[in-house]
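**Q** Submitted below is the structure of interest, expressed as structure tokens.
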Amino acid sequence: MARPRPASCAEEEPDAAKVRLIRLRPYHPTYVIACFGEGGSKKGYTRVGMNRVVQAIQNNPDVEVEFVECYDDICQYCERRKPSPTGSVWGRHHTCPSAEDPVVVKEVTEANRQVLNLLGMQFGAIISLKELVPLMRERLPDIGKSGIKQIGGAGMQGRYEKGLKAIAAHVTR
């Protein structure tokens with residue numbers, strides 16, 4: 001069962017081999033699941049962070065996930081994230097093009113809210129990956145039909161389903 005904790009926005013770089021807690025924005029688990037099923041991400045500006053999260057899961061099937069409102073463990077390594085003295089809506093000391101686009105900010109904020117509501121959680125909640133995966137499968141089986149923007153959509157459904165099977169098998173070993 002998820003346990004609440006004040007949302008942290010730490011900026012340290014954890015060693016992927018020793019990670020016990022992954023910090024994710026609520027709209028990111030669908031992408032993580034899809035990438036896990038493919039063994040990682042081969043392209044895109046978030047590939048380094050995504051691959052670190054996938055590697056952390058591969059190294060520790062008992063890892064927990066904390067839902068954060070700020071830049072998460074994927075964003076920390078995004079090629080588009082850059083230092084900013086004023087920070088942004090998603091974090092101190094950094095900004096990115098998505099944080100500067102009011103339409104994207106609105107869509108991501110809404111997607112985060114919708115995903116948390118579907119999962120029955122709130123920012124700061126911590127849940128084991130072993131509990132999160134079946135919850136995602138049960139409450140968000142079809143990301144294309146969910147009506148939630150920013151979580152991958154119908155074009156990613158096949159990769160998401162493949163990833164759900166792969167990650168479920170991995171965490172139940």
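So you can find residues: chains in the structure tokens are A, B, ... in the order shown, residues in each start at 1, and ligands are numbered from 1 in order.
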Find the residues near Gly153 (chain A): any atom within 7 Å, counting only C-alpha atoms, skip ones fewer than 2 places away on the same chain, and give them as a list in words.

**A**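 Result of the neighbour search: Ile143, Gly144, Ile151, Gly155, Met156 and Gln157 of chain A.
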
**Q** With N, CA and C atoms retained, export the selected residues as a PDB file, in the first residue's frame.

**A**
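Result file is again_25.pdb:
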```
ATOM      1  N   ILE A 143      -3.915   3.146 -22.513  1.00  0.00           N
ATOM      2  CA  ILE A 143      -3.522   4.553 -22.399  1.00  0.00           C
ATOM      3  C   ILE A 143      -4.086   5.404 -23.527  1.00  0.00           C
ATOM      4  N   GLY A 144      -4.374   4.783 -24.676  1.00  0.00           N
ATOM      5  CA  GLY A 144      -4.958   5.520 -25.797  1.00  0.00           C
ATOM      6  C   GLY A 144      -6.397   5.923 -25.548  1.00  0.00           C
ATOM      7  N   ILE A 151       0.631  10.886 -21.723  1.00  0.00           N
ATOM      8  CA  ILE A 151       1.059   9.593 -21.171  1.00  0.00           C
ATOM      9  C   ILE A 151       1.370   8.568 -22.262  1.00  0.00           C
ATOM     10  N   GLY A 155      -0.617   5.382 -29.869  1.00  0.00           N
ATOM     11  CA  GLY A 155       0.576   4.985 -30.609  1.00  0.00           C
ATOM     12  C   GLY A 155       1.589   4.217 -29.776  1.00  0.00           C
ATOM     13  N   MET A 156       1.494   4.323 -28.466  1.00  0.00           N
ATOM     14  CA  MET A 156       2.430   3.636 -27.584  1.00  0.00           C
ATOM     15  C   MET A 156       1.785   2.421 -26.899  1.00  0.00           C
ATOM     16  N   GLN A 157       0.529   2.134 -27.177  1.00  0.00           N
ATOM     17  CA  GLN A 157      -0.207   1.081 -26.483  1.00  0.00           C
ATOM     18  C   GLN A 157       0.480  -0.284 -26.575  1.00  0.00           C
TER      19      GLN A 157
END
```

**Q** In region 71-169 of chain A, what's strand (DSSP E) per DSSP? Answer as a PyMOL selection string?

**A** chain A and resi 82-83+94-95+126-128

**Q** With N, CA and C atoms retained, export the selected residues as an mmCIF file, in the first residue's frame.

**A**
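The resulting file, again-v3.cif, is shown below:
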```
data_model
loop_
_atom_site.group_PDB
_atom_site.id
_atom_site.type_symbol
_atom_site.label_atom_id
_atom_site.label_comp_id
_atom_site.auth_asym_id
_atom_site.auth_seq_id
_atom_site.Cartn_x
_atom_site.Cartn_y
_atom_site.Cartn_z
ATOM 1 N N LYS A 82 18.168 22.889 -18.400
ATOM 2 C CA LYS A 82 19.326 23.782 -18.326
ATOM 3 C C LYS A 82 19.274 24.623 -17.053
ATOM 4 N N PRO A 83 20.430 25.045 -16.582
ATOM 5 C CA PRO A 83 20.471 25.878 -15.375
ATOM 6 C C PRO A 83 19.706 27.188 -15.574
ATOM 7 N N HIS A 94 16.708 25.181 -12.329
ATOM 8 C CA HIS A 94 16.682 24.664 -13.700
ATOM 9 C C HIS A 94 15.372 25.020 -14.399
ATOM 10 N N THR A 95 15.428 24.982 -15.724
ATOM 11 C CA THR A 95 14.232 25.143 -16.542
ATOM 12 C C THR A 95 14.392 24.250 -17.768
ATOM 13 N N ILE A 126 4.550 6.956 -1.777
ATOM 14 C CA ILE A 126 5.577 5.988 -2.143
ATOM 15 C C ILE A 126 4.901 4.623 -2.228
ATOM 16 N N ILE A 127 5.169 3.923 -3.330
ATOM 17 C CA ILE A 127 4.576 2.605 -3.559
ATOM 18 C C ILE A 127 5.649 1.696 -4.149
ATOM 19 N N SER A 128 5.616 0.441 -3.769
ATOM 20 C CA SER A 128 6.585 -0.488 -4.357
ATOM 21 C C SER A 128 6.223 -0.702 -5.821
#
```

**Q** Within region 39-107 of chain A, find each residue whose DSSP state, derived from the backbone, is alpha helix (DSSP H), and express the selection as number ranges by chain.

**A** A: 47-59, 102-107

**Q** Could the residues in this selection be written to a file with N, CA and C atoms, as an mmCIF file, in the first residue's frame?

**A**
```
data_model
loop_
_atom_site.group_PDB
_atom_site.id
_atom_site.type_symbol
_atom_site.label_atom_id
_atom_site.label_comp_id
_atom_site.auth_asym_id
_atom_site.auth_seq_id
_atom_site.Cartn_x
_atom_site.Cartn_y
_atom_site.Cartn_z
ATOM 1 N N ARG A 47 16.383 10.010 -22.976
ATOM 2 C CA ARG A 47 16.870 8.631 -22.978
ATOM 3 C C ARG A 47 17.848 8.326 -21.846
ATOM 4 N N VAL A 48 18.729 9.259 -21.485
ATOM 5 C CA VAL A 48 19.703 8.982 -20.430
ATOM 6 C C VAL A 48 18.987 8.746 -19.094
ATOM 7 N N GLY A 49 18.077 9.638 -18.727
ATOM 8 C CA GLY A 49 17.324 9.472 -17.481
ATOM 9 C C GLY A 49 16.430 8.253 -17.515
ATOM 10 N N MET A 50 15.778 8.032 -18.650
ATOM 11 C CA MET A 50 14.903 6.862 -18.791
ATOM 12 C C MET A 50 15.719 5.583 -18.629
ATOM 13 N N ASN A 51 16.885 5.528 -19.254
ATOM 14 C CA ASN A 51 17.713 4.331 -19.164
ATOM 15 C C ASN A 51 18.237 4.117 -17.748
ATOM 16 N N ARG A 52 18.518 5.191 -17.023
ATOM 17 C CA ARG A 52 18.945 5.048 -15.628
ATOM 18 C C ARG A 52 17.818 4.460 -14.774
ATOM 19 N N VAL A 53 16.583 4.905 -15.026
ATOM 20 C CA VAL A 53 15.434 4.371 -14.280
ATOM 21 C C VAL A 53 15.209 2.903 -14.649
ATOM 22 N N VAL A 54 15.251 2.580 -15.933
ATOM 23 C CA VAL A 54 15.088 1.187 -16.367
ATOM 24 C C VAL A 54 16.188 0.319 -15.756
ATOM 25 N N GLN A 55 17.421 0.808 -15.748
ATOM 26 C CA GLN A 55 18.527 0.052 -15.161
ATOM 27 C C GLN A 55 18.320 -0.151 -13.658
ATOM 28 N N ALA A 56 17.833 0.875 -12.981
ATOM 29 C CA ALA A 56 17.571 0.757 -11.542
ATOM 30 C C ALA A 56 16.537 -0.337 -11.275
ATOM 31 N N ILE A 57 15.509 -0.414 -12.121
ATOM 32 C CA ILE A 57 14.483 -1.455 -11.976
ATOM 33 C C ILE A 57 15.078 -2.830 -12.285
ATOM 34 N N GLN A 58 15.894 -2.907 -13.328
ATOM 35 C CA GLN A 58 16.536 -4.183 -13.668
ATOM 36 C C GLN A 58 17.423 -4.669 -12.525
ATOM 37 N N ASN A 59 18.097 -3.743 -11.873
ATOM 38 C CA ASN A 59 19.006 -4.087 -10.781
ATOM 39 C C ASN A 59 18.297 -4.382 -9.468
ATOM 40 N N PRO A 102 3.186 27.304 -21.625
ATOM 41 C CA PRO A 102 1.985 27.209 -20.783
ATOM 42 C C PRO A 102 1.034 26.073 -21.174
ATOM 43 N N VAL A 103 0.976 25.718 -22.446
ATOM 44 C CA VAL A 103 0.100 24.627 -22.878
ATOM 45 C C VAL A 103 0.627 23.294 -22.336
ATOM 46 N N VAL A 104 1.924 23.078 -22.445
ATOM 47 C CA VAL A 104 2.518 21.838 -21.942
ATOM 48 C C VAL A 104 2.400 21.777 -20.419
ATOM 49 N N VAL A 105 2.662 22.887 -19.749
ATOM 50 C CA VAL A 105 2.534 22.917 -18.285
ATOM 51 C C VAL A 105 1.115 22.516 -17.878
ATOM 52 N N LYS A 106 0.131 23.062 -18.566
ATOM 53 C CA LYS A 106 -1.266 22.742 -18.249
ATOM 54 C C LYS A 106 -1.562 21.262 -18.509
ATOM 55 N N GLU A 107 -1.104 20.742 -19.653
ATOM 56 C CA GLU A 107 -1.358 19.342 -20.000
ATOM 57 C C GLU A 107 -0.674 18.384 -19.022
#
```

**Q** Between A:Val32, A:Leu135, A:Val89, A:Leu129, which has the minimum distance to Glu64 (chain A) (counting only C-alpha atoms)?

**A**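 Result for the nearest residue to Glu64 (chain A): A:Leu129.
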
**Q** Taking 2 positions as the minimum chain separation for residues in the same chain, which residues sit within 12 Å of Pro134 (chain A) when counting only C-alpha atoms? Answer as a PyMOL selection string.

**A** chain A and resi 33+119+127-132+136-141+161+164-165+167-169+171-172

**Q** When you count only C-alpha atoms, which of these residues is closest to Arg23 (chain A): A:Gly163, A:Pro61, A:Gly40, A:Gly124?

**A** A:Gly124

**Q** Determine, for each residue of region 35-81 of chain A having at least one atom at most 9 Å from an atom of region 90-93 of chain A, the closest pair of atoms and their separation in Å to one decimal, counting only C-alpha atoms; order by chain and ascending number, as CSV.

**A**
```
residue,atom,partner,partner_atom,distance
A:Glu69,CA,A:Trp90,CA,6.9
A:Cys70,CA,A:Trp90,CA,4.3
A:Tyr71,CA,A:Trp90,CA,5.6
```

**Q** Take the residues from that selection and put them in a file with C-alpha atoms, as a short mmCIF file (atom, residue, chain, number, x, y, z; two decimals), in the first residue's frame.

**A**
```
data_model
loop_
_atom_site.label_atom_id
_atom_site.label_comp_id
_atom_site.auth_asym_id
_atom_site.auth_seq_id
_atom_site.Cartn_x
_atom_site.Cartn_y
_atom_site.Cartn_z
CA GLU A 69 5.60 17.22 -8.63
CA CYS A 70 9.03 18.49 -9.69
CA TYR A 71 11.81 17.34 -12.00
#
```
